[in-house]
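Q: My file is data-v5.cif. It has mmCIF, C-alpha atoms:
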data_target
#
loop_
_atom_site.label_atom_id
_atom_site.label_comp_id
_atom_site.auth_asym_id
_atom_site.auth_seq_id
_atom_site.Cartn_x
_atom_site.Cartn_y
_atom_site.Cartn_z
CA MET U 1 -26.37 20.82 -23.99
CA LYS U 2 -25.26 18.70 -21.06
CA THR U 3 -21.58 19.02 -20.20
CA LYS U 4 -19.74 15.72 -19.82
CA LYS U 5 -18.32 15.23 -16.34
CA LEU U 6 -14.57 14.77 -16.05
CA PRO U 7 -13.60 11.19 -15.09
CA LEU U 8 -12.53 10.77 -11.49
CA TYR U 9 -8.91 10.01 -12.34
CA VAL U 10 -8.66 13.26 -14.33
CA GLN U 11 -10.07 15.24 -11.40
CA ILE U 12 -7.55 13.58 -9.05
CA LEU U 13 -4.69 14.31 -11.45
CA ILE U 14 -5.71 17.96 -11.59
CA GLY U 15 -5.76 18.09 -7.79
CA LEU U 16 -2.33 16.44 -7.67
CA VAL U 17 -0.79 18.89 -10.14
CA LEU U 18 -2.33 21.91 -8.40
CA GLY U 19 -1.06 20.62 -5.05
CA LEU U 20 2.42 20.24 -6.50
CA PHE U 21 2.35 23.80 -7.85
CA TRP U 22 1.04 25.15 -4.57
CA GLY U 23 3.74 23.40 -2.55
CA LEU U 24 6.54 24.58 -4.83
CA ALA U 25 5.17 28.12 -4.99
CA SER U 26 4.84 28.23 -1.20
CA ALA U 27 8.46 27.18 -0.76
CA TRP U 28 9.79 29.37 -3.55
CA PHE U 29 8.00 32.55 -2.47
CA LYS U 30 8.48 31.67 1.21
CA PHE U 31 4.81 31.71 2.13
CA PRO U 32 4.37 30.95 5.85
CA ALA U 33 4.35 27.17 6.26
CA SER U 34 1.58 27.58 8.82
CA LEU U 35 -0.74 28.75 6.01
CA THR U 36 -0.54 25.33 4.37
CA ILE U 37 -0.20 23.19 7.50
CA GLU U 38 -3.04 24.82 9.43
CA PHE U 39 -5.55 25.64 6.68
CA ILE U 40 -4.90 23.28 3.74
CA LYS U 41 -3.44 20.08 5.18
CA PRO U 42 -6.56 19.44 7.35
CA LEU U 43 -8.60 18.99 4.15
CA GLY U 44 -6.34 16.12 3.15
CA THR U 45 -6.46 14.69 6.65
CA ILE U 46 -10.26 14.71 6.55
CA PHE U 47 -10.25 12.88 3.20
CA VAL U 48 -7.94 10.13 4.48
CA THR U 49 -9.88 9.88 7.74
CA LEU U 50 -13.15 9.38 5.88
CA LEU U 51 -11.62 6.57 3.81
CA LYS U 52 -10.28 4.90 6.94
CA MET U 53 -13.68 5.35 8.60
CA ILE U 54 -15.39 3.01 6.15
CA ALA U 55 -12.54 0.54 5.59
CA VAL U 56 -13.36 -1.73 8.52
CA PRO U 57 -17.17 -1.88 8.06
CA LEU U 58 -16.68 -2.45 4.33
CA VAL U 59 -14.29 -5.36 4.92
CA LEU U 60 -16.51 -6.82 7.63
CA ALA U 61 -19.75 -6.65 5.65
CA SER U 62 -18.38 -7.68 2.25
CA LEU U 63 -16.25 -10.53 3.59
CA ILE U 64 -19.10 -12.03 5.64
CA VAL U 65 -21.35 -11.95 2.58
CA GLY U 66 -18.59 -13.29 0.34
CA VAL U 67 -17.67 -16.23 2.56
CA ALA U 68 -21.29 -17.13 3.30
CA SER U 69 -22.08 -17.14 -0.43
CA LEU U 70 -19.37 -19.73 -1.13
CA HIS U 71 -21.42 -22.45 0.59
CA ASP U 72 -18.26 -24.60 0.76
CA ILE U 73 -15.49 -24.39 3.37
CA ARG U 74 -13.12 -26.40 1.17
CA LYS U 75 -13.49 -23.79 -1.54
CA LEU U 76 -12.57 -21.06 0.95
CA SER U 77 -9.41 -22.88 2.02
CA ARG U 78 -8.43 -23.44 -1.61
CA ILE U 79 -8.81 -19.76 -2.47
CA GLY U 80 -6.94 -18.74 0.68
CA GLY U 81 -4.06 -21.09 -0.09
CA LYS U 82 -3.71 -19.76 -3.64
CA THR U 83 -3.85 -16.16 -2.47
CA ILE U 84 -1.16 -16.45 0.19
CA ALA U 85 1.13 -18.52 -2.08
CA ILE U 86 0.93 -15.97 -4.90
CA TYR U 87 1.43 -13.05 -2.52
CA ILE U 88 4.63 -14.64 -1.18
CA GLY U 89 5.82 -15.42 -4.71
CA THR U 90 5.36 -11.84 -5.96
CA THR U 91 7.14 -10.51 -2.86
CA VAL U 92 10.19 -12.69 -3.56
CA VAL U 93 10.26 -11.44 -7.17
CA ALA U 94 9.99 -7.81 -5.97
CA ILE U 95 12.94 -8.12 -3.57
CA THR U 96 15.01 -9.89 -6.23
CA ILE U 97 14.38 -7.03 -8.67
CA GLY U 98 15.43 -4.49 -6.03
CA LEU U 99 18.61 -6.34 -5.12
CA THR U 100 19.56 -6.79 -8.78
CA ILE U 101 19.19 -3.11 -9.62
CA ALA U 102 21.04 -1.97 -6.49
CA ASN U 103 23.97 -4.30 -7.22
CA LEU U 104 24.19 -3.21 -10.83
CA VAL U 105 23.92 0.56 -10.27
CA LYS U 106 25.70 0.71 -6.86
CA PRO U 107 23.90 3.89 -5.72
CA GLY U 108 25.59 3.92 -2.30
CA GLU U 109 29.01 4.32 -3.88
CA ARG U 110 27.73 7.36 -5.81
CA LEU U 111 26.57 9.23 -2.69
CA PRO U 112 28.77 12.32 -2.12
CA GLU U 113 30.60 12.23 1.21
CA ALA U 114 29.35 15.71 2.12
CA THR U 115 25.76 14.63 1.54
CA ARG U 116 26.27 11.47 3.59
CA GLN U 117 27.59 13.45 6.55
CA GLN U 118 24.78 16.00 6.29
CA LEU U 119 22.06 13.35 6.13
CA MET U 120 23.48 11.44 9.10
CA SER U 121 23.64 14.60 11.20
CA VAL U 122 20.16 15.88 10.26
CA TYR U 123 18.08 12.70 10.34
CA THR U 124 19.71 10.42 12.92
CA ASP U 125 17.22 11.46 15.61
CA LYS U 126 14.28 10.59 13.36
CA THR U 127 15.39 6.95 13.14
CA SER U 128 15.18 6.33 16.87
CA SER U 129 11.45 5.54 16.93
CA SER U 130 11.85 2.76 14.35
CA VAL U 131 14.82 1.31 16.22
CA ASN U 132 12.88 1.39 19.50
CA THR U 133 9.92 -0.35 17.88
CA VAL U 134 12.17 -3.13 16.62
CA ALA U 135 13.68 -3.50 20.10
CA LYS U 136 10.17 -4.03 21.48
CA LEU U 137 9.37 -6.54 18.74
CA LYS U 138 12.44 -8.57 19.69
CA GLU U 139 11.07 -8.99 23.19
CA ARG U 140 7.92 -10.67 21.89
CA PRO U 141 7.59 -14.48 21.64
CA ILE U 142 8.48 -15.98 18.27
CA LEU U 143 4.89 -16.96 17.50
CA GLN U 144 3.42 -13.61 18.59
CA PRO U 145 2.62 -12.56 14.97
CA LEU U 146 0.48 -15.71 14.75
CA VAL U 147 -1.21 -14.91 18.06
CA ASP U 148 -1.93 -11.36 16.85
CA ILE U 149 -4.19 -12.71 14.11
CA PHE U 150 -6.81 -13.68 16.68
CA PRO U 151 -8.73 -10.75 18.27
CA ASP U 152 -9.52 -10.82 21.96
CA ASN U 153 -12.12 -8.12 21.40
CA ILE U 154 -13.58 -7.60 17.95
CA THR U 155 -14.86 -4.16 18.91
CA SER U 156 -11.40 -2.88 19.77
CA ALA U 157 -9.95 -4.57 16.68
CA ALA U 158 -12.54 -2.88 14.48
CA ALA U 159 -11.65 0.46 16.05
CA ASP U 160 -8.00 0.15 14.93
CA ASN U 161 -7.21 0.08 11.19
CA THR U 162 -3.79 -1.43 11.91
CA ARG U 163 -5.53 -4.60 13.15
CA MET U 164 -7.29 -5.29 9.86
CA LEU U 165 -6.12 -8.91 9.81
CA GLN U 166 -8.07 -9.55 13.01
CA VAL U 167 -11.20 -8.10 11.41
CA VAL U 168 -10.62 -10.36 8.39
CA PHE U 169 -10.31 -13.38 10.68
CA PHE U 170 -13.53 -12.55 12.55
CA ALA U 171 -15.45 -11.94 9.32
CA MET U 172 -14.26 -15.26 7.89
CA ILE U 173 -15.32 -17.13 11.04
CA MET U 174 -18.69 -15.39 10.95
CA GLY U 175 -19.14 -16.29 7.28
CA VAL U 176 -18.25 -19.94 7.92
CA ALA U 177 -20.66 -20.00 10.88
CA LEU U 178 -23.45 -18.68 8.65
CA ILE U 179 -22.83 -21.55 6.22
CA LYS U 180 -23.46 -23.99 9.06
CA ILE U 181 -26.73 -22.57 10.40
CA ALA U 182 -30.28 -23.00 9.09
CA PRO U 183 -30.86 -21.32 5.69
CA GLU U 184 -33.79 -19.18 6.88
CA LYS U 185 -31.66 -17.66 9.65
CA ARG U 186 -28.56 -17.37 7.45
CA ASN U 187 -30.42 -15.56 4.68
CA THR U 188 -31.73 -12.92 7.09
CA LEU U 189 -28.28 -12.03 8.39
CA VAL U 190 -26.63 -12.23 4.97
CA ALA U 191 -29.29 -9.87 3.58
CA PHE U 192 -28.50 -7.40 6.36
CA PHE U 193 -24.75 -7.39 5.68
CA ASP U 194 -25.38 -7.27 1.94
CA ALA U 195 -27.51 -4.14 2.37
CA LEU U 196 -24.87 -2.66 4.69
CA ASN U 197 -22.20 -3.32 2.06
CA ASP U 198 -24.27 -1.57 -0.64
CA ALA U 199 -24.76 1.43 1.65
CA ILE U 200 -21.03 1.66 2.35
CA ILE U 201 -20.25 1.53 -1.39
CA GLN U 202 -22.60 4.50 -1.78
CA ILE U 203 -20.69 6.30 0.98
CA VAL U 204 -17.49 5.62 -1.01
CA ASP U 205 -19.06 7.52 -3.92
CA PHE U 206 -19.80 10.45 -1.61
CA ILE U 207 -16.25 10.50 -0.23
CA MET U 208 -14.69 10.35 -3.67
CA LEU U 209 -16.37 13.66 -4.49
CA LEU U 210 -13.79 15.13 -2.10
CA ALA U 211 -10.87 13.26 -3.71
CA PRO U 212 -9.52 16.12 -5.90
CA VAL U 213 -9.51 18.56 -2.97
CA GLY U 214 -8.08 15.94 -0.62
CA VAL U 215 -5.26 15.06 -3.02
CA PHE U 216 -4.48 18.74 -3.57
CA ALA U 217 -4.17 19.26 0.18
CA LEU U 218 -2.08 16.12 0.74
CA ILE U 219 0.42 16.84 -2.03
CA GLY U 220 0.66 20.56 -1.30
CA SER U 221 1.33 20.04 2.41
CA LEU U 222 3.83 17.26 1.65
CA ILE U 223 5.93 19.56 -0.56
CA VAL U 224 5.85 22.31 2.07
CA GLU U 225 6.93 19.89 4.82
CA ILE U 226 9.79 18.51 2.72
CA ALA U 227 11.07 21.85 1.46
CA GLY U 228 10.68 23.71 4.76
CA ASP U 229 12.02 27.26 4.77
CA ASP U 230 14.95 26.58 2.43
CA ILE U 231 14.01 24.97 -0.88
CA SER U 232 17.60 25.10 -2.14
CA GLN U 233 18.87 23.05 0.80
CA ALA U 234 16.07 20.53 0.35
CA ALA U 235 16.87 20.30 -3.36
CA SER U 236 20.55 19.73 -2.55
CA LEU U 237 19.73 16.86 -0.19
CA LEU U 238 17.34 15.28 -2.67
CA SER U 239 19.81 15.55 -5.56
CA GLY U 240 22.42 13.77 -3.46
CA LEU U 241 20.04 10.82 -3.21
CA ALA U 242 19.16 10.88 -6.91
CA TRP U 243 20.82 7.54 -7.74
CA TYR U 244 19.16 5.78 -4.83
CA THR U 245 15.76 7.30 -5.68
CA ALA U 246 16.16 6.35 -9.34
CA CYS U 247 16.96 2.73 -8.43
CA VAL U 248 13.82 2.43 -6.30
CA ILE U 249 11.59 4.07 -8.91
CA ILE U 250 12.96 1.94 -11.76
CA GLY U 251 12.49 -1.22 -9.70
CA LEU U 252 8.92 -0.27 -8.79
CA PHE U 253 8.15 0.50 -12.44
CA ILE U 254 9.53 -2.84 -13.64
CA HIS U 255 7.57 -4.76 -11.02
CA ALA U 256 4.27 -2.92 -11.51
CA TYR U 257 4.26 -2.37 -15.27
CA LEU U 258 6.29 -5.31 -16.59
CA PHE U 259 6.04 -8.18 -14.08
CA TYR U 260 2.40 -7.82 -13.01
CA PRO U 261 1.16 -7.65 -16.63
CA ILE U 262 2.82 -11.01 -17.27
CA LEU U 263 0.56 -12.45 -14.55
CA PHE U 264 -2.75 -10.82 -15.37
CA ARG U 265 -2.34 -11.14 -19.14
CA SER U 266 -1.21 -14.76 -19.16
CA VAL U 267 -3.48 -16.09 -16.40
CA ALA U 268 -6.45 -13.74 -16.21
CA LYS U 269 -6.41 -12.81 -19.92
CA ILE U 270 -6.93 -9.12 -19.13
CA GLY U 271 -5.60 -6.54 -21.56
CA TYR U 272 -2.79 -4.23 -20.44
CA MET U 273 -4.68 -0.98 -21.02
CA GLN U 274 -7.95 -2.41 -19.72
CA PHE U 275 -6.32 -3.35 -16.42
CA PHE U 276 -4.57 -0.06 -15.72
CA ARG U 277 -7.50 2.01 -17.00
CA ALA U 278 -9.77 0.24 -14.52
CA ILE U 279 -7.53 0.74 -11.49
CA ARG U 280 -5.99 4.17 -12.10
CA ALA U 281 -8.30 5.91 -9.63
CA ALA U 282 -7.23 3.47 -6.89
CA GLN U 283 -3.57 4.00 -7.80
CA LEU U 284 -3.91 7.78 -7.59
CA VAL U 285 -5.68 7.64 -4.24
CA GLY U 286 -3.02 5.23 -2.97
CA PHE U 287 -0.28 7.57 -4.19
CA SER U 288 -1.73 10.56 -2.38
CA THR U 289 -2.64 8.77 0.88
CA SER U 290 0.35 6.38 1.11
CA SER U 291 -2.00 3.86 2.72
CA SER U 292 -3.29 0.57 1.30
CA ASN U 293 -5.88 0.37 4.07
CA ALA U 294 -7.22 3.87 3.41
CA THR U 295 -7.43 3.11 -0.31
CA LEU U 296 -9.09 -0.27 0.23
CA PRO U 297 -12.70 0.93 -0.35
CA VAL U 298 -11.72 2.47 -3.69
CA THR U 299 -9.64 -0.58 -4.64
CA MET U 300 -12.52 -2.97 -3.99
CA LYS U 301 -14.98 -0.80 -5.91
CA ARG U 302 -12.72 -0.51 -8.96
CA CYS U 303 -11.99 -4.26 -9.00
CA GLN U 304 -15.68 -5.09 -9.00
CA GLU U 305 -16.85 -2.45 -11.45
CA GLY U 306 -13.80 -2.07 -13.68
CA LEU U 307 -12.44 -5.63 -13.84
CA GLY U 308 -15.49 -7.76 -13.05
CA ILE U 309 -13.92 -9.43 -10.01
CA PRO U 310 -16.85 -10.57 -7.84
CA GLU U 311 -17.40 -9.35 -4.32
CA GLU U 312 -16.78 -12.76 -2.80
CA MET U 313 -13.21 -12.62 -4.18
CA THR U 314 -12.38 -8.95 -3.56
CA SER U 315 -13.75 -9.05 -0.01
CA PHE U 316 -11.28 -11.76 0.96
CA ILE U 317 -8.22 -11.24 -1.23
CA LEU U 318 -7.89 -7.43 -1.08
CA PRO U 319 -8.13 -6.96 2.72
CA LEU U 320 -5.63 -9.79 3.14
CA GLY U 321 -3.34 -8.16 0.58
CA ALA U 322 -3.59 -4.74 2.23
CA THR U 323 -2.31 -6.42 5.40
CA ILE U 324 0.38 -8.87 4.27
CA ASN U 325 1.24 -8.04 0.64
CA MET U 326 3.88 -5.32 0.47
CA ASP U 327 5.68 -5.88 -2.82
CA GLY U 328 6.58 -2.22 -3.29
CA THR U 329 7.80 -1.89 0.29
CA SER U 330 9.81 -5.11 0.04
CA LEU U 331 11.48 -4.01 -3.20
CA TYR U 332 12.40 -0.68 -1.62
CA GLN U 333 13.93 -2.52 1.35
CA GLY U 334 16.15 -4.55 -0.96
CA VAL U 335 17.46 -1.41 -2.65
CA ALA U 336 17.71 0.53 0.64
CA ALA U 337 19.63 -2.22 2.47
CA VAL U 338 22.24 -2.48 -0.30
CA PHE U 339 22.42 1.32 -0.67
CA ILE U 340 23.04 1.88 3.05
CA ALA U 341 25.66 -0.88 3.18
CA GLN U 342 27.47 0.59 0.18
CA ALA U 343 27.31 4.13 1.59
CA LEU U 344 28.80 2.92 4.88
CA GLY U 345 31.52 0.97 3.08
CA ILE U 346 30.21 -2.49 4.07
CA ASP U 347 30.60 -5.32 1.56
CA LEU U 348 27.61 -7.65 1.35
CA THR U 349 28.17 -11.30 0.50
CA ILE U 350 25.79 -13.53 -1.43
CA THR U 351 24.73 -14.97 1.93
CA ASP U 352 23.91 -11.46 3.20
CA GLN U 353 21.78 -10.76 0.17
CA LEU U 354 19.93 -14.05 0.52
CA MET U 355 19.33 -13.05 4.14
CA ILE U 356 17.84 -9.75 2.89
CA LEU U 357 15.55 -11.74 0.61
CA LEU U 358 14.41 -14.05 3.40
CA THR U 359 14.07 -11.40 6.12
CA ALA U 360 12.24 -8.88 3.94
CA THR U 361 9.79 -11.57 2.79
CA LEU U 362 9.03 -12.70 6.33
CA ALA U 363 8.87 -9.13 7.62
CA SER U 364 6.31 -8.18 4.99
CA ILE U 365 4.02 -10.95 6.22
CA GLY U 366 4.50 -10.35 9.94
CA SER U 367 4.45 -6.54 9.98
CA ALA U 368 0.70 -6.04 10.22
CA GLY U 369 -0.32 -3.68 13.00
CA VAL U 370 3.07 -1.94 13.29
CA PRO U 371 2.95 1.83 12.75
CA GLY U 372 5.48 3.01 10.15
CA ALA U 373 5.79 -0.57 8.93
CA GLY U 374 8.15 0.15 6.02
CA MET U 375 10.86 1.79 8.11
CA VAL U 376 10.48 -0.74 10.93
CA MET U 377 10.79 -3.60 8.44
CA LEU U 378 13.96 -2.02 7.06
CA VAL U 379 15.56 -1.87 10.51
CA ILE U 380 14.84 -5.60 10.91
CA VAL U 381 16.44 -6.30 7.52
CA LEU U 382 19.55 -4.22 8.32
CA GLU U 383 20.08 -5.91 11.67
CA SER U 384 19.84 -9.33 10.03
CA ILE U 385 22.95 -8.51 7.95
CA GLN U 386 24.81 -6.58 10.70
CA VAL U 387 24.49 -3.18 9.02
CA PRO U 388 24.07 -0.30 11.53
CA SER U 389 20.38 0.60 11.71
CA ALA U 390 21.37 4.26 12.14
CA GLY U 391 22.08 4.12 8.40
CA ILE U 392 18.38 4.61 7.67
CA ALA U 393 19.06 8.29 8.36
CA LEU U 394 20.53 8.35 4.85
CA ILE U 395 17.15 7.69 3.22
CA VAL U 396 14.66 9.45 5.51
CA ALA U 397 14.75 12.61 3.39
CA VAL U 398 13.11 10.89 0.40
CA ASP U 399 11.21 8.16 2.24
CA ARG U 400 7.88 9.99 2.20
CA ILE U 401 7.97 10.44 -1.57
CA LEU U 402 9.01 6.85 -2.20
CA ASP U 403 6.38 5.67 0.27
CA MET U 404 3.72 7.13 -2.02
CA MET U 405 5.16 5.29 -5.01
CA ARG U 406 5.58 1.93 -3.31
CA THR U 407 1.99 2.13 -2.03
CA VAL U 408 0.87 2.28 -5.66
CA VAL U 409 2.80 -0.93 -6.32
CA ASN U 410 1.37 -2.58 -3.20
CA ILE U 411 -2.17 -1.80 -4.37
CA THR U 412 -1.46 -2.89 -7.94
CA GLY U 413 -0.10 -6.18 -6.58
CA ASP U 414 -3.22 -6.75 -4.50
CA ILE U 415 -5.42 -6.24 -7.55
CA THR U 416 -3.22 -8.42 -9.77
CA VAL U 417 -3.41 -11.33 -7.34
CA ALA U 418 -7.17 -10.86 -7.02
CA ALA U 419 -7.48 -11.07 -10.81
CA VAL U 420 -5.24 -14.13 -11.06
CA VAL U 421 -7.02 -16.06 -8.29
CA THR U 422 -10.40 -15.11 -9.74
CA ALA U 423 -9.31 -16.41 -13.15
CA THR U 424 -8.18 -19.75 -11.69
CA GLU U 425 -11.62 -20.06 -10.07
CA GLY U 426 -13.47 -19.01 -13.23
CA LYS U 427 -15.38 -16.35 -11.31
CA PHE U 428 -15.17 -13.22 -13.47
CA GLU U 429 -18.40 -11.25 -13.85
CA PRO U 430 -19.43 -8.76 -16.57
CA VAL U 431 -17.78 -5.37 -16.15
CA THR U 432 -20.34 -2.87 -14.83
CA ALA U 433 -18.33 0.32 -15.37
CA THR U 434 -15.80 0.86 -18.13
CA ASP U 435 -14.44 4.10 -16.72
CA ASP U 436 -13.46 5.14 -13.20
CA ASN U 437 -15.77 8.08 -12.79
#
In structure tokens, write the structure found in this file.
A:
Amino acid sequence: MKTKKLPLYVQILIGLVLGLFWGLASAWFKFPASLTIEFIKPLGTIFVTLLKMIAVPLVLASLIVGVASLHDIRKLSRIGGKTIAIYIGTTVVAITIGLTIANLVKPGERLPEATRQQLMSVYTDKTSSSVNTVAKLKERPILQPLVDIFPDNITSAAADNTRMLQVVFFAMIMGVALIKIAPEKRNTLVAFFDALNDAIIQIVDFIMLLAPVGVFALIGSLIVEIAGDDISQAASLLSGLAWYTACVIIGLFIHAYLFYPILFRSVAKIGYMQFFRAIRAAQLVGFSTSSSNATLPVTMKRCQEGLGIPEEMTSFILPLGATINMDGTSLYQGVAAVFIAQALGIDLTITDQLMILLTATLASIGSAGVPGAGMVMLVIVLESIQVPSAGIALIVAVDRILDMMRTVVNITGDITVAAVVTATEGKFEPVTATDDN
């Protein structure tokens, strides 16, 4: 009798739980950290690297095919306008949710003074790189983010996953150019990229065979790195930030599991369980990798197979979302900015909070290509309301964990917008796979 294979999301969950147990056991029994860092973490690094390896060629091939298949430049501009408008709208809602929760709960006022002093002394040095990055950004011309969209060398842009927006731009231009040339020549090139895209999707299937092991390694090494040699001290620091962490998690939950369903149920007419069942593998990979770009191949595959969103839509909307749509990160910035101000005894006016809303929204759009974007964006937000940027030392201890959670929200937002825009265009296709295996 043939044994039924476990669905992919179940395998990933098993890897996640085993990684959590390994990390806690390593810290509790004081196993040498080098055992995990040198022999287990590399397995997770390989998994993430493989996903990043195919992200750029997948975006390039699928977007060229998608744009060329539209046969109408006006249609492309209409879809692009809808996509960007909805992305901005969901970001504003996310920040508003974060600010509301932070003002109601006041987590900064609940932070013990001893914990505040300890966090500032331990993590102040780790904030310097983000502050230095912001200082360099200030030296750039105002329109530099616009200039950065256009690649001066597509080869170098394709070699750098942080320049995904430049790859998207080139692929769109190539697709539009194919629309304009003779059909016999266009069809030859489109067939090539279409075959390349199919081959890359097959490679995604190969890579996902490693997902359970990769997730185990990523989670296990994360716990070891956080706990260090003294799990009790790490637990003490984390418990001191419990109110702040709870505010972020509650905000992310509301946005992902209450706000997004309003959009995809009312506009795209997709059932609640159908939607989250289809994308759970992408969410789990996003949680373990903390990278929308690394998860992009899985996200595109699940949208096409699990939700019936056609390739011409996913190939444009999802890469754009992985670059400019950061709902989870923006919500976290709203909570973090208020938390830090409260912890430092700084009163924020309504004007300050509106400035947080405006700055975080703009920063989420213009942060593409900046390493450690979330923390850098937060420094920009803090400086806009005259709160000392050194205050980010208060949240560094839990930032890695929250980064994993907000990445899930970022990915869920990308998929939601893809579903909504597809519904407005009447482009849904039959679902080809009901389960994410």
Q: Would you mind listing what lies within 10 Å of range 153-165 of chain U as a list in words, with all atoms listed in the file counted and same-chain residues fewer than 3 positions away left out?
A: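 So, after excluding close chain neighbours, the residues are Lys52, Met53, Ala55, Val56, Pro57, Val59, Leu60, Asp148, Ile149, Phe150, Val168, Phe169, Phe170, Ala171, Asn293, Ala294, Pro319, Leu320, Gly321, Ala322, Thr323, Ile324, Ser367, Ala368, Gly369, Val370 and Pro371 of chain U.
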Q: Applied to this file, what does the PyMOL selection byres ((chain U and resi 91) around 9) return in terms of residues, put as a compact mmCIF listing (two decimals) with C-alpha atoms, keeping the file's coordinate frame?
A:
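And here is the file that came out, selection-v3.txt:
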# COMPACT_ATOMS: atom_id res chain seq x y z
CA ILE U 86 0.93 -15.97 -4.90
CA TYR U 87 1.43 -13.05 -2.52
CA ILE U 88 4.63 -14.64 -1.18
CA GLY U 89 5.82 -15.42 -4.71
CA THR U 90 5.36 -11.84 -5.96
CA VAL U 92 10.19 -12.69 -3.56
CA VAL U 93 10.26 -11.44 -7.17
CA ALA U 94 9.99 -7.81 -5.97
CA ILE U 95 12.94 -8.12 -3.57
CA THR U 96 15.01 -9.89 -6.23
CA ASN U 325 1.24 -8.04 0.64
CA MET U 326 3.88 -5.32 0.47
CA ASP U 327 5.68 -5.88 -2.82
CA GLY U 328 6.58 -2.22 -3.29
CA SER U 330 9.81 -5.11 0.04
CA LEU U 331 11.48 -4.01 -3.20
CA ALA U 360 12.24 -8.88 3.94
CA THR U 361 9.79 -11.57 2.79
CA SER U 364 6.31 -8.18 4.99
Q: Using Å and a single decimal, report how far CA of Leu43 in chain U sits from CA of Gly214 in chain U.
A: 5.7 Å
Q: Can you list what the PyMOL selection byres ((chain U and resi 101-108) around 7) grabs from this structure, as a list in words?
A: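 Selection result, ordered by chain and number: Ile97, Gly98, Leu99, Thr100, Glu109, Arg110, Leu111, Trp243, Tyr244, Cys247, Gly251, Val335, Val338, Phe339, Ile340, Gln342 and Ala343 of chain U.
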Q: My list of candidates is U:Ala61, U:Ile223, U:Val10, U:Met300. Which is closest to Asp198 in chain U when distances are computed with all atoms listed in the file?
A: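 Residue with the minimum atom-to-atom distance to Asp198 in chain U: U:Ala61.
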Q: Counting only C-alpha atoms, which of U:Thr351, U:Thr416, U:Gln11, U:Ser290 gets nearest to Arg265 in chain U?
A: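 Comparing U:Thr351, U:Thr416, U:Gln11, U:Ser290 against Arg265 in chain U, the winner is U:Thr416.
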Q: For a test of reading the model, state the distance in Å between CA of Gln144 in chain U and CA of Ser389 in chain U, rounded to one decimal.
A: 23.2 Å
Q: What is the distance, in Å and to one decimal place, between CA of Val224 in chain U and CA of Ser239 in chain U?
A: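 Going from CA of Val224 in chain U over to CA of Ser239 in chain U, I get 17.3 Å.
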Q: Would you list the contacts of Val204 in chain U as a list in words, taking every protein, DNA or RNA residue within 7 Å and counting all atoms listed in the file, but skipping same-chain residues closer than 4 positions in sequence?
A: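 The neighbour list is Ile200, Met208 and Pro297 of chain U.
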Q: So which one's closest to Val417 in chain U, U:Leu189, U:Val267, U:Val396, U:Leu358? Using all atoms listed in the file, please.
A: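 The closest residue to Val417 in chain U is U:Val267.
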Q: Counting all atoms listed in the file, which residues come within 8 Å of (23.7, -4.9, 5.2), with the point read in the file's coordinates, and could you list them as a VMD selection string?
A: chain U and resid 337 to 338 340 to 341 346 to 348 352 to 353 356 381 to 388
Q: Write the selection just made, keeping C-alpha atoms, as a compact mmCIF listing (two decimals), in the frame of the given file?
A:
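Final output, again34.txt:
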# COMPACT_ATOMS: atom_id res chain seq x y z
CA ALA U 337 19.63 -2.22 2.47
CA VAL U 338 22.24 -2.48 -0.30
CA ILE U 340 23.04 1.88 3.05
CA ALA U 341 25.66 -0.88 3.18
CA ILE U 346 30.21 -2.49 4.07
CA ASP U 347 30.60 -5.32 1.56
CA LEU U 348 27.61 -7.65 1.35
CA ASP U 352 23.91 -11.46 3.20
CA GLN U 353 21.78 -10.76 0.17
CA ILE U 356 17.84 -9.75 2.89
CA VAL U 381 16.44 -6.30 7.52
CA LEU U 382 19.55 -4.22 8.32
CA GLU U 383 20.08 -5.91 11.67
CA SER U 384 19.84 -9.33 10.03
CA ILE U 385 22.95 -8.51 7.95
CA GLN U 386 24.81 -6.58 10.70
CA VAL U 387 24.49 -3.18 9.02
CA PRO U 388 24.07 -0.30 11.53
Q: Which residues would end up in the selection if the PyMOL selection byres ((chain U and resi 311-316) around 7) were applied here, given that I need the answer as a list in words?
A: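 That expression, the PyMOL selection byres ((chain U and resi 311-316) around 7), corresponds here to Val59, Ser62, Leu63, Gly66, Val67, Met300, Gln304, Ile309, Pro310, Ile317, Leu318, Pro319, Leu320, Ala418 and Thr422 of chain U.
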Q: With only C-alpha atoms as the basis for distance, which of U:Pro7, U:Gly374, U:Pro212, U:Gly286 is at the shortest distance from Val409 in chain U?
A: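 The answer is U:Gly286, which sits nearest to Val409 in chain U.
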Q: Which residues are near Leu218 in chain U? Cut-off 7 Å, only C-alpha atoms, ignore same chain within fewer than 4 positions. Put them as an mmCIF file with C-alpha atoms, keeping the file's coordinate frame.
A:
data_model
loop_
_atom_site.group_PDB
_atom_site.id
_atom_site.type_symbol
_atom_site.label_atom_id
_atom_site.label_comp_id
_atom_site.auth_asym_id
_atom_site.auth_seq_id
_atom_site.Cartn_x
_atom_site.Cartn_y
_atom_site.Cartn_z
ATOM 1 C CA LYS U 41 -3.440 20.080 5.180
ATOM 2 C CA GLY U 44 -6.340 16.120 3.150
ATOM 3 C CA GLY U 214 -8.080 15.940 -0.620
ATOM 4 C CA LEU U 222 3.830 17.260 1.650
ATOM 5 C CA SER U 288 -1.730 10.560 -2.380
#
